[in-house]
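> My file is final_17.txt. It has compact mmCIF, N, CA and C atoms:
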```
# COMPACT_ATOMS: atom_id res chain seq x y z
N MET A 17 -13.72 -2.02 -16.07
CA MET A 17 -13.27 -2.41 -14.73
C MET A 17 -13.78 -1.37 -13.73
N ASN A 18 -14.46 -1.84 -12.68
CA ASN A 18 -14.93 -0.88 -11.68
C ASN A 18 -13.79 -0.52 -10.72
N CYS A 19 -14.04 0.47 -9.89
CA CYS A 19 -12.97 0.99 -9.03
C CYS A 19 -12.47 -0.04 -8.02
N ILE A 20 -13.34 -0.91 -7.55
CA ILE A 20 -12.91 -1.94 -6.60
C ILE A 20 -11.95 -2.91 -7.29
N GLU A 21 -12.29 -3.31 -8.50
CA GLU A 21 -11.39 -4.17 -9.27
C GLU A 21 -10.07 -3.46 -9.56
N GLN A 22 -10.14 -2.17 -9.85
CA GLN A 22 -8.93 -1.38 -10.11
C GLN A 22 -8.03 -1.35 -8.88
N LEU A 23 -8.61 -1.14 -7.72
CA LEU A 23 -7.82 -1.10 -6.49
C LEU A 23 -7.21 -2.47 -6.18
N LYS A 24 -7.95 -3.52 -6.45
CA LYS A 24 -7.41 -4.87 -6.24
C LYS A 24 -6.26 -5.14 -7.20
N GLU A 25 -6.36 -4.65 -8.43
CA GLU A 25 -5.26 -4.78 -9.40
C GLU A 25 -4.03 -4.02 -8.90
N GLU A 26 -4.26 -2.85 -8.33
CA GLU A 26 -3.14 -2.08 -7.76
C GLU A 26 -2.50 -2.85 -6.60
N HIS A 27 -3.30 -3.55 -5.82
CA HIS A 27 -2.74 -4.39 -4.76
C HIS A 27 -1.78 -5.42 -5.35
N GLU A 28 -2.16 -6.01 -6.47
CA GLU A 28 -1.29 -7.00 -7.12
C GLU A 28 0.01 -6.35 -7.59
N GLN A 29 -0.06 -5.14 -8.10
CA GLN A 29 1.16 -4.43 -8.52
C GLN A 29 2.06 -4.15 -7.32
N ILE A 30 1.45 -3.73 -6.22
CA ILE A 30 2.21 -3.46 -5.00
C ILE A 30 2.85 -4.75 -4.49
N GLN A 31 2.09 -5.84 -4.53
CA GLN A 31 2.62 -7.14 -4.09
C GLN A 31 3.86 -7.54 -4.90
N ARG A 32 3.84 -7.27 -6.21
CA ARG A 32 5.01 -7.60 -7.05
C ARG A 32 6.23 -6.81 -6.61
N GLU A 33 6.03 -5.54 -6.27
CA GLU A 33 7.16 -4.72 -5.79
C GLU A 33 7.64 -5.19 -4.42
N LEU A 34 6.72 -5.67 -3.60
CA LEU A 34 7.12 -6.22 -2.29
C LEU A 34 7.97 -7.47 -2.45
N ILE A 35 7.63 -8.29 -3.43
CA ILE A 35 8.45 -9.48 -3.70
C ILE A 35 9.85 -9.05 -4.13
N GLU A 36 9.92 -8.05 -4.98
CA GLU A 36 11.23 -7.54 -5.43
C GLU A 36 12.02 -6.97 -4.26
N LEU A 37 11.37 -6.20 -3.40
CA LEU A 37 12.04 -5.64 -2.23
C LEU A 37 12.53 -6.75 -1.31
N GLU A 38 11.72 -7.76 -1.14
CA GLU A 38 12.10 -8.90 -0.29
C GLU A 38 13.35 -9.59 -0.85
N GLU A 39 13.38 -9.78 -2.16
CA GLU A 39 14.56 -10.41 -2.78
C GLU A 39 15.80 -9.55 -2.60
N ILE A 40 15.65 -8.24 -2.71
CA ILE A 40 16.79 -7.34 -2.51
C ILE A 40 17.31 -7.43 -1.08
N THR A 41 16.39 -7.43 -0.12
CA THR A 41 16.81 -7.45 1.29
C THR A 41 17.44 -8.77 1.68
N GLU A 42 17.10 -9.85 0.98
CA GLU A 42 17.65 -11.16 1.32
C GLU A 42 18.95 -11.47 0.59
N GLY A 43 19.30 -10.63 -0.39
CA GLY A 43 20.54 -10.85 -1.13
C GLY A 43 21.76 -10.52 -0.29
N GLU A 44 22.88 -11.11 -0.65
CA GLU A 44 24.11 -10.85 0.10
C GLU A 44 24.66 -9.46 -0.17
N GLU A 45 24.56 -9.03 -1.42
CA GLU A 45 25.02 -7.69 -1.78
C GLU A 45 23.82 -6.85 -2.17
N ILE A 46 23.92 -5.58 -1.90
CA ILE A 46 22.82 -4.67 -2.20
C ILE A 46 23.01 -4.09 -3.60
N ASN A 47 22.02 -4.27 -4.42
CA ASN A 47 22.00 -3.68 -5.74
C ASN A 47 21.30 -2.32 -5.58
N TYR A 48 22.10 -1.27 -5.40
CA TYR A 48 21.56 0.07 -5.12
C TYR A 48 20.59 0.57 -6.19
N PRO A 49 20.96 0.47 -7.48
CA PRO A 49 20.01 0.96 -8.49
C PRO A 49 18.67 0.22 -8.44
N ASN A 50 18.72 -1.09 -8.25
CA ASN A 50 17.48 -1.87 -8.18
C ASN A 50 16.69 -1.53 -6.92
N LEU A 51 17.38 -1.36 -5.81
CA LEU A 51 16.73 -0.98 -4.56
C LEU A 51 16.04 0.37 -4.72
N HIS A 52 16.77 1.33 -5.25
CA HIS A 52 16.22 2.67 -5.44
C HIS A 52 14.99 2.62 -6.36
N HIS A 53 15.12 1.92 -7.47
CA HIS A 53 14.02 1.81 -8.43
C HIS A 53 12.80 1.13 -7.80
N THR A 54 13.03 0.05 -7.08
CA THR A 54 11.93 -0.70 -6.46
C THR A 54 11.22 0.15 -5.42
N LEU A 55 11.99 0.82 -4.57
CA LEU A 55 11.37 1.66 -3.54
C LEU A 55 10.60 2.82 -4.16
N LYS A 56 11.19 3.44 -5.16
CA LYS A 56 10.53 4.57 -5.82
C LYS A 56 9.19 4.12 -6.42
N LYS A 57 9.20 2.99 -7.09
CA LYS A 57 7.98 2.47 -7.71
C LYS A 57 6.97 2.05 -6.64
N LEU A 58 7.44 1.39 -5.59
CA LEU A 58 6.57 0.96 -4.50
C LEU A 58 5.91 2.17 -3.84
N TYR A 59 6.69 3.20 -3.52
CA TYR A 59 6.13 4.38 -2.87
C TYR A 59 5.15 5.11 -3.78
N PHE A 60 5.48 5.19 -5.07
CA PHE A 60 4.56 5.83 -6.00
C PHE A 60 3.24 5.08 -6.06
N LEU A 61 3.31 3.77 -6.23
CA LEU A 61 2.10 2.95 -6.30
C LEU A 61 1.28 3.09 -5.02
N TRP A 62 1.98 3.00 -3.89
CA TRP A 62 1.27 3.03 -2.60
C TRP A 62 0.63 4.39 -2.37
N ASN A 63 1.35 5.48 -2.62
CA ASN A 63 0.79 6.81 -2.38
C ASN A 63 -0.43 7.07 -3.26
N SER A 64 -0.35 6.69 -4.52
CA SER A 64 -1.46 6.86 -5.44
C SER A 64 -2.66 6.01 -4.98
N HIS A 65 -2.38 4.80 -4.62
CA HIS A 65 -3.41 3.87 -4.17
C HIS A 65 -4.07 4.39 -2.89
N GLU A 66 -3.27 4.85 -1.97
CA GLU A 66 -3.77 5.36 -0.69
C GLU A 66 -4.71 6.54 -0.90
N ALA A 67 -4.35 7.44 -1.80
CA ALA A 67 -5.19 8.61 -2.07
C ALA A 67 -6.56 8.18 -2.61
N LYS A 68 -6.55 7.18 -3.48
CA LYS A 68 -7.82 6.67 -4.03
C LYS A 68 -8.67 6.03 -2.93
N GLU A 69 -8.03 5.24 -2.09
CA GLU A 69 -8.78 4.58 -1.02
C GLU A 69 -9.39 5.59 -0.06
N GLU A 70 -8.67 6.63 0.25
CA GLU A 70 -9.20 7.62 1.18
C GLU A 70 -10.45 8.29 0.62
N LYS A 71 -10.50 8.48 -0.70
CA LYS A 71 -11.71 9.02 -1.32
C LYS A 71 -12.86 8.03 -1.22
N ILE A 72 -12.53 6.76 -1.38
CA ILE A 72 -13.57 5.73 -1.29
C ILE A 72 -14.10 5.61 0.14
N PHE A 73 -13.24 5.80 1.13
CA PHE A 73 -13.68 5.74 2.52
C PHE A 73 -14.78 6.77 2.79
N VAL A 74 -14.67 7.92 2.15
CA VAL A 74 -15.69 8.97 2.31
C VAL A 74 -17.04 8.46 1.81
N VAL A 75 -17.03 7.77 0.68
CA VAL A 75 -18.28 7.22 0.13
C VAL A 75 -18.82 6.13 1.06
N PHE A 76 -17.95 5.30 1.59
CA PHE A 76 -18.39 4.26 2.53
C PHE A 76 -19.11 4.92 3.72
N LYS A 77 -18.50 5.95 4.24
CA LYS A 77 -19.08 6.64 5.40
C LYS A 77 -20.43 7.25 5.03
N LYS A 78 -20.50 7.88 3.89
CA LYS A 78 -21.74 8.49 3.41
C LYS A 78 -22.85 7.45 3.28
N GLU A 79 -22.49 6.27 2.83
CA GLU A 79 -23.47 5.19 2.64
C GLU A 79 -23.73 4.42 3.94
N ARG A 80 -23.11 4.88 5.01
CA ARG A 80 -23.27 4.27 6.33
C ARG A 80 -22.78 2.82 6.38
N ILE A 81 -21.77 2.54 5.58
CA ILE A 81 -21.14 1.23 5.62
C ILE A 81 -20.07 1.29 6.71
N LYS A 82 -20.19 0.45 7.68
CA LYS A 82 -19.26 0.47 8.81
C LYS A 82 -17.97 -0.26 8.44
N ILE A 83 -16.91 0.51 8.38
CA ILE A 83 -15.58 -0.06 8.17
C ILE A 83 -14.64 0.62 9.15
N PRO A 84 -13.55 -0.02 9.49
CA PRO A 84 -12.61 0.57 10.44
C PRO A 84 -11.72 1.63 9.75
N VAL A 85 -12.33 2.76 9.37
CA VAL A 85 -11.61 3.79 8.62
C VAL A 85 -10.40 4.30 9.39
N LYS A 86 -10.58 4.58 10.68
CA LYS A 86 -9.46 5.09 11.47
C LYS A 86 -8.29 4.11 11.46
N THR A 87 -8.59 2.83 11.58
CA THR A 87 -7.54 1.81 11.54
C THR A 87 -6.86 1.79 10.19
N MET A 88 -7.66 1.83 9.12
CA MET A 88 -7.11 1.80 7.77
C MET A 88 -6.20 3.01 7.53
N LEU A 89 -6.65 4.20 7.93
CA LEU A 89 -5.84 5.40 7.72
C LEU A 89 -4.58 5.36 8.57
N PHE A 90 -4.69 4.87 9.79
CA PHE A 90 -3.50 4.76 10.64
C PHE A 90 -2.49 3.82 10.01
N GLU A 91 -2.97 2.69 9.50
CA GLU A 91 -2.05 1.74 8.87
C GLU A 91 -1.34 2.39 7.69
N HIS A 92 -2.04 3.20 6.94
CA HIS A 92 -1.42 3.90 5.81
C HIS A 92 -0.28 4.78 6.31
N ARG A 93 -0.54 5.55 7.35
CA ARG A 93 0.45 6.51 7.82
C ARG A 93 1.54 5.88 8.70
N ASP A 94 1.27 4.72 9.23
CA ASP A 94 2.22 4.03 10.10
C ASP A 94 3.50 3.63 9.37
N LEU A 95 3.44 3.53 8.07
CA LEU A 95 4.60 3.09 7.29
C LEU A 95 5.63 4.20 7.08
N LYS A 96 5.25 5.44 7.30
CA LYS A 96 6.14 6.56 7.01
C LYS A 96 7.46 6.47 7.77
N GLN A 97 7.45 6.16 9.04
CA GLN A 97 8.68 6.10 9.82
C GLN A 97 9.65 5.04 9.28
N HIS A 98 9.11 3.95 8.80
CA HIS A 98 9.96 2.88 8.25
C HIS A 98 10.52 3.28 6.89
N LYS A 99 9.70 3.92 6.09
CA LYS A 99 10.13 4.43 4.79
C LYS A 99 11.26 5.45 4.99
N ASP A 100 11.07 6.36 5.94
CA ASP A 100 12.08 7.38 6.21
C ASP A 100 13.40 6.76 6.67
N ALA A 101 13.32 5.72 7.49
CA ALA A 101 14.53 5.06 7.99
C ALA A 101 15.30 4.42 6.83
N VAL A 102 14.59 3.79 5.91
CA VAL A 102 15.24 3.15 4.76
C VAL A 102 15.88 4.22 3.87
N GLU A 103 15.16 5.30 3.60
CA GLU A 103 15.71 6.36 2.75
C GLU A 103 16.95 6.99 3.38
N LYS A 104 16.91 7.21 4.67
CA LYS A 104 18.07 7.80 5.38
C LYS A 104 19.27 6.86 5.28
N ALA A 105 19.04 5.57 5.43
CA ALA A 105 20.13 4.59 5.35
C ALA A 105 20.72 4.53 3.94
N ILE A 106 19.86 4.61 2.93
CA ILE A 106 20.36 4.62 1.54
C ILE A 106 21.25 5.83 1.32
N ASN A 107 20.80 6.98 1.79
CA ASN A 107 21.55 8.22 1.60
C ASN A 107 22.83 8.29 2.43
N SER A 108 22.94 7.47 3.46
CA SER A 108 24.14 7.49 4.31
C SER A 108 25.35 6.93 3.58
N GLY A 109 25.11 6.03 2.61
CA GLY A 109 26.22 5.42 1.89
C GLY A 109 26.92 4.31 2.66
N ASN A 110 26.47 4.02 3.85
CA ASN A 110 27.07 2.98 4.68
C ASN A 110 26.31 1.66 4.44
N GLU A 111 26.96 0.75 3.71
CA GLU A 111 26.29 -0.48 3.32
C GLU A 111 25.94 -1.36 4.53
N PHE A 112 26.80 -1.37 5.55
CA PHE A 112 26.52 -2.16 6.74
C PHE A 112 25.24 -1.66 7.42
N ASP A 113 25.16 -0.34 7.59
CA ASP A 113 23.95 0.24 8.21
C ASP A 113 22.71 -0.01 7.34
N LEU A 114 22.87 0.14 6.03
CA LEU A 114 21.75 -0.07 5.13
C LEU A 114 21.25 -1.51 5.24
N LYS A 115 22.17 -2.45 5.26
CA LYS A 115 21.78 -3.86 5.36
C LYS A 115 20.97 -4.10 6.64
N HIS A 116 21.44 -3.50 7.74
CA HIS A 116 20.73 -3.65 9.02
C HIS A 116 19.34 -3.00 8.95
N ILE A 117 19.27 -1.80 8.41
CA ILE A 117 17.99 -1.09 8.30
C ILE A 117 17.02 -1.86 7.41
N LEU A 118 17.54 -2.41 6.31
CA LEU A 118 16.68 -3.21 5.44
C LEU A 118 16.14 -4.43 6.17
N GLU A 119 17.02 -5.06 6.98
CA GLU A 119 16.60 -6.23 7.75
C GLU A 119 15.45 -5.89 8.69
N VAL A 120 15.50 -4.70 9.26
CA VAL A 120 14.47 -4.31 10.22
C VAL A 120 13.30 -3.61 9.53
N HIS A 121 13.57 -2.47 8.94
CA HIS A 121 12.49 -1.60 8.46
C HIS A 121 11.86 -2.07 7.15
N ALA A 122 12.65 -2.55 6.21
CA ALA A 122 12.06 -3.03 4.95
C ALA A 122 11.18 -4.25 5.22
N LYS A 123 11.61 -5.09 6.14
CA LYS A 123 10.79 -6.27 6.47
C LYS A 123 9.48 -5.85 7.14
N ILE A 124 9.54 -4.79 7.94
CA ILE A 124 8.30 -4.28 8.56
C ILE A 124 7.38 -3.71 7.48
N ILE A 125 7.95 -2.96 6.54
CA ILE A 125 7.16 -2.42 5.44
C ILE A 125 6.47 -3.55 4.68
N ILE A 126 7.25 -4.56 4.34
CA ILE A 126 6.71 -5.70 3.59
C ILE A 126 5.59 -6.37 4.38
N GLN A 127 5.84 -6.66 5.63
CA GLN A 127 4.84 -7.36 6.46
C GLN A 127 3.58 -6.52 6.64
N LYS A 128 3.75 -5.24 6.95
CA LYS A 128 2.58 -4.39 7.20
C LYS A 128 1.76 -4.16 5.93
N LEU A 129 2.44 -3.94 4.81
CA LEU A 129 1.70 -3.75 3.57
C LEU A 129 0.94 -5.02 3.17
N ARG A 130 1.58 -6.15 3.30
CA ARG A 130 0.90 -7.41 2.97
C ARG A 130 -0.31 -7.63 3.88
N SER A 131 -0.13 -7.40 5.15
CA SER A 131 -1.23 -7.57 6.10
C SER A 131 -2.37 -6.59 5.79
N HIS A 132 -2.02 -5.36 5.52
CA HIS A 132 -3.01 -4.33 5.21
C HIS A 132 -3.77 -4.68 3.93
N ILE A 133 -3.04 -5.09 2.91
CA ILE A 133 -3.66 -5.47 1.63
C ILE A 133 -4.59 -6.66 1.83
N ASN A 134 -4.15 -7.65 2.58
CA ASN A 134 -5.00 -8.82 2.84
C ASN A 134 -6.28 -8.43 3.56
N SER A 135 -6.16 -7.54 4.55
CA SER A 135 -7.36 -7.07 5.28
C SER A 135 -8.31 -6.37 4.33
N GLU A 136 -7.78 -5.50 3.50
CA GLU A 136 -8.64 -4.78 2.56
C GLU A 136 -9.29 -5.74 1.58
N ASP A 137 -8.52 -6.66 1.04
CA ASP A 137 -9.08 -7.59 0.07
C ASP A 137 -10.15 -8.48 0.70
N GLU A 138 -9.93 -8.92 1.92
CA GLU A 138 -10.85 -9.84 2.56
C GLU A 138 -12.08 -9.15 3.15
N ILE A 139 -11.88 -7.95 3.67
CA ILE A 139 -12.97 -7.30 4.39
C ILE A 139 -13.56 -6.14 3.58
N LEU A 140 -12.73 -5.15 3.34
CA LEU A 140 -13.21 -3.92 2.76
C LEU A 140 -13.85 -4.11 1.40
N TYR A 141 -13.15 -4.76 0.50
CA TYR A 141 -13.68 -4.91 -0.86
C TYR A 141 -14.81 -5.92 -0.93
N THR A 142 -14.79 -6.90 -0.04
CA THR A 142 -15.91 -7.84 0.02
C THR A 142 -17.17 -7.11 0.44
N ILE A 143 -17.03 -6.20 1.41
CA ILE A 143 -18.17 -5.40 1.85
C ILE A 143 -18.68 -4.55 0.69
N ALA A 144 -17.77 -3.91 -0.01
CA ALA A 144 -18.18 -3.04 -1.12
C ALA A 144 -18.95 -3.81 -2.17
N ILE A 145 -18.46 -4.96 -2.51
CA ILE A 145 -19.10 -5.75 -3.56
C ILE A 145 -20.46 -6.29 -3.08
N SER A 146 -20.54 -6.71 -1.82
CA SER A 146 -21.78 -7.30 -1.33
C SER A 146 -22.82 -6.27 -0.90
N GLU A 147 -22.38 -5.11 -0.45
CA GLU A 147 -23.30 -4.12 0.10
C GLU A 147 -23.71 -3.03 -0.88
N PHE A 148 -22.86 -2.70 -1.84
CA PHE A 148 -23.14 -1.59 -2.74
C PHE A 148 -23.97 -2.03 -3.93
N THR A 149 -24.90 -1.17 -4.29
CA THR A 149 -25.68 -1.40 -5.51
C THR A 149 -24.82 -0.98 -6.71
N ASP A 150 -25.30 -1.29 -7.88
CA ASP A 150 -24.58 -0.88 -9.09
C ASP A 150 -24.42 0.65 -9.14
N ASN A 151 -25.47 1.38 -8.72
CA ASN A 151 -25.38 2.84 -8.71
C ASN A 151 -24.34 3.34 -7.72
N GLU A 152 -24.24 2.68 -6.58
CA GLU A 152 -23.23 3.09 -5.59
C GLU A 152 -21.82 2.77 -6.08
N ILE A 153 -21.66 1.66 -6.79
CA ILE A 153 -20.36 1.35 -7.40
C ILE A 153 -20.02 2.42 -8.43
N LYS A 154 -21.02 2.87 -9.18
CA LYS A 154 -20.78 3.96 -10.14
C LYS A 154 -20.34 5.22 -9.41
N GLU A 155 -20.94 5.49 -8.25
CA GLU A 155 -20.55 6.66 -7.46
C GLU A 155 -19.09 6.53 -7.00
N LEU A 156 -18.71 5.32 -6.59
CA LEU A 156 -17.32 5.09 -6.23
C LEU A 156 -16.41 5.34 -7.43
N ASN A 157 -16.81 4.84 -8.59
CA ASN A 157 -16.03 5.05 -9.82
C ASN A 157 -15.89 6.54 -10.11
N ASN A 158 -17.00 7.27 -10.00
CA ASN A 158 -16.97 8.72 -10.24
C ASN A 158 -16.07 9.43 -9.25
N CYS A 159 -16.07 8.95 -8.03
CA CYS A 159 -15.21 9.53 -6.99
C CYS A 159 -13.76 9.44 -7.41
N LEU A 160 -13.35 8.32 -7.97
CA LEU A 160 -11.96 8.13 -8.39
C LEU A 160 -11.65 8.86 -9.70
N ILE A 161 -12.61 8.92 -10.59
CA ILE A 161 -12.40 9.60 -11.86
C ILE A 161 -12.19 11.09 -11.64
N SER A 162 -12.88 11.65 -10.67
CA SER A 162 -12.77 13.09 -10.42
C SER A 162 -11.49 13.47 -9.71
N SER A 163 -10.64 12.48 -9.38
CA SER A 163 -9.39 12.79 -8.68
C SER A 163 -8.31 13.19 -9.63
```
Once you've parsed the file, please lay out its structure as structure tokens.


Amino acid sequence: MNCIEQLKEEHEQIQRELIELEEITEGEEINYPNLHHTLKKLYFLWNSHEAKEEKIFVVFKKERIKIPVKTMLFEHRDLKQHKDAVEKAINSGNEFDLKHILEVHAKIIIQKLRSHINSEDEILYTIAISEFTDNEIKELNNCLISS
């Protein structure tokens, strides 16, 4: 599996966690252990995935492939405030506040991650597959292996 396929597989894993988070936020009662587990797994997957993508962006730039790197990196970092709000609400112990925060911030996280993933799948990875030679794909793979 090449690195582009690997990143797309990670998108699918992230999507599964987003579905789980969505189900938690739509439930009448909050299952704290499930919420904590889902968020922890989602953040781990996303952070690992983000680090890999940032390394790939360097290769794109080196190969003079025009992609909206600044936009992609901003989207990655834009989620932090929403993540922090959810974590603060969980730690508050106030279920009413948590429910409200989940309604607002978890839904934003879900929407933004889905939108970001769709953009990457439709644009970024399509460019990589269509523009990169086999040797350049190997360079991308080596970039991720050395991490």

> In Å, rounded to a single decimal, give me how far atom C of A:Leu51 is from atom N of A:Leu37.

8.2 Å

> Could you give me the centre and size, in Å to one decimal, of an axis-aligned box around all listed atoms of stretch 66-78 of chain A with 3 Å added on every side, as AutoDock Vina command-line options?


```
--center_x -13.1 --center_y 6.6 --center_z 0.7 --size_x 25.6 --size_y 10.8 --size_z 15.4
```

> List as a ChimeraX atom specification the protein and nucleic acid residues near A:Glu33, meaning an atom at most 8 Å away when all atoms listed in the file are counted, but skip any in the same chain fewer than 3 places from it.

/A:27-30,36-39,54-55,57-58

> Just the residues within 12 Å of A:Ala105, please, counting only C-alpha atoms, with nothing from its chain fewer than 2 positions along; format it as an MDAnalysis selection string.

chainID A and resid 48 51:52 98:103 107:122

> Grab the atom CA of A:Ile139 to atom CA of A:Leu34 distance for me, in Å with one decimal place.

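Separation between atom CA of A:Ile139 and atom CA of A:Leu34: 21.2 Å.
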
> If we count only C-alpha atoms, what is near A:Cys19 at a cut-off of 7 Å, once residues fewer than 4 positions away on the same chain are taken out, given as an mmCIF file with N, CA and C atoms, keeping the file's coordinate frame?


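Full text of out26.cif as output:
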```
data_model
loop_
_atom_site.group_PDB
_atom_site.id
_atom_site.type_symbol
_atom_site.label_atom_id
_atom_site.label_comp_id
_atom_site.auth_asym_id
_atom_site.auth_seq_id
_atom_site.Cartn_x
_atom_site.Cartn_y
_atom_site.Cartn_z
ATOM 1 N N LEU A 23 -8.610 -1.140 -7.720
ATOM 2 C CA LEU A 23 -7.820 -1.100 -6.490
ATOM 3 C C LEU A 23 -7.210 -2.470 -6.180
ATOM 4 N N LEU A 156 -18.710 5.320 -6.590
ATOM 5 C CA LEU A 156 -17.320 5.090 -6.230
ATOM 6 C C LEU A 156 -16.410 5.340 -7.430
ATOM 7 N N ASN A 157 -16.810 4.840 -8.590
ATOM 8 C CA ASN A 157 -16.030 5.050 -9.820
ATOM 9 C C ASN A 157 -15.890 6.540 -10.110
#
```

> Find the distance between atom CA of A:Gln97 and atom CA of A:Tyr141 and write it in Å to one decimal.

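Answer for the atom CA of A:Gln97 to atom CA of A:Tyr141 separation: 27.1 Å.
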
> Where atoms are missing, can you supply all heavy atoms for stretch 124-131 of chain A and output the lot as a compact mmCIF listing (two decimals), in the coordinates of the input?


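Wrote it out as part.txt, contents follow:
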```txt
# COMPACT_ATOMS: atom_id res chain seq x y z
N ILE A 124 9.54 -4.79 7.94
CA ILE A 124 8.30 -4.28 8.56
C ILE A 124 7.38 -3.71 7.48
O ILE A 124 6.18 -3.96 7.50
CB ILE A 124 8.62 -3.22 9.64
CG1 ILE A 124 9.28 -3.89 10.85
CG2 ILE A 124 7.36 -2.46 10.05
CD1 ILE A 124 9.83 -2.94 11.89
N ILE A 125 7.95 -2.96 6.54
CA ILE A 125 7.16 -2.42 5.44
C ILE A 125 6.47 -3.55 4.68
O ILE A 125 5.27 -3.50 4.41
CB ILE A 125 8.04 -1.56 4.49
CG1 ILE A 125 8.47 -0.27 5.19
CG2 ILE A 125 7.31 -1.27 3.17
CD1 ILE A 125 9.54 0.52 4.43
N ILE A 126 7.25 -4.56 4.34
CA ILE A 126 6.71 -5.70 3.59
C ILE A 126 5.59 -6.37 4.38
O ILE A 126 4.50 -6.61 3.86
CB ILE A 126 7.83 -6.71 3.26
CG1 ILE A 126 8.82 -6.09 2.26
CG2 ILE A 126 7.25 -8.03 2.74
CD1 ILE A 126 10.14 -6.84 2.14
N GLN A 127 5.84 -6.66 5.63
CA GLN A 127 4.84 -7.36 6.46
C GLN A 127 3.58 -6.52 6.64
O GLN A 127 2.47 -7.01 6.48
CB GLN A 127 5.47 -7.71 7.82
CG GLN A 127 4.56 -8.48 8.76
CD GLN A 127 3.72 -7.57 9.63
OE1 GLN A 127 4.14 -6.50 10.06
NE2 GLN A 127 2.49 -7.99 9.87
N LYS A 128 3.75 -5.24 6.95
CA LYS A 128 2.58 -4.39 7.20
C LYS A 128 1.76 -4.16 5.93
O LYS A 128 0.53 -4.18 5.98
CB LYS A 128 3.01 -3.05 7.81
CG LYS A 128 3.40 -3.17 9.27
CD LYS A 128 3.73 -1.81 9.86
CE LYS A 128 4.10 -1.92 11.31
NZ LYS A 128 2.95 -1.85 12.21
N LEU A 129 2.44 -3.94 4.81
CA LEU A 129 1.70 -3.75 3.57
C LEU A 129 0.94 -5.02 3.17
O LEU A 129 -0.22 -4.95 2.77
CB LEU A 129 2.63 -3.32 2.44
CG LEU A 129 2.95 -1.84 2.37
CD1 LEU A 129 3.95 -1.54 1.26
CD2 LEU A 129 1.70 -1.00 2.18
N ARG A 130 1.58 -6.15 3.30
CA ARG A 130 0.90 -7.41 2.97
C ARG A 130 -0.31 -7.63 3.88
O ARG A 130 -1.38 -8.03 3.42
CB ARG A 130 1.86 -8.58 3.07
CG ARG A 130 2.78 -8.67 1.88
CD ARG A 130 3.68 -9.87 1.93
NE ARG A 130 4.47 -9.96 0.71
CZ ARG A 130 5.65 -10.53 0.64
NH1 ARG A 130 6.19 -11.10 1.71
NH2 ARG A 130 6.30 -10.55 -0.51
N SER A 131 -0.13 -7.40 5.15
CA SER A 131 -1.23 -7.57 6.10
C SER A 131 -2.37 -6.59 5.79
O SER A 131 -3.54 -6.97 5.78
CB SER A 131 -0.71 -7.36 7.52
OG SER A 131 -1.76 -7.41 8.44
```
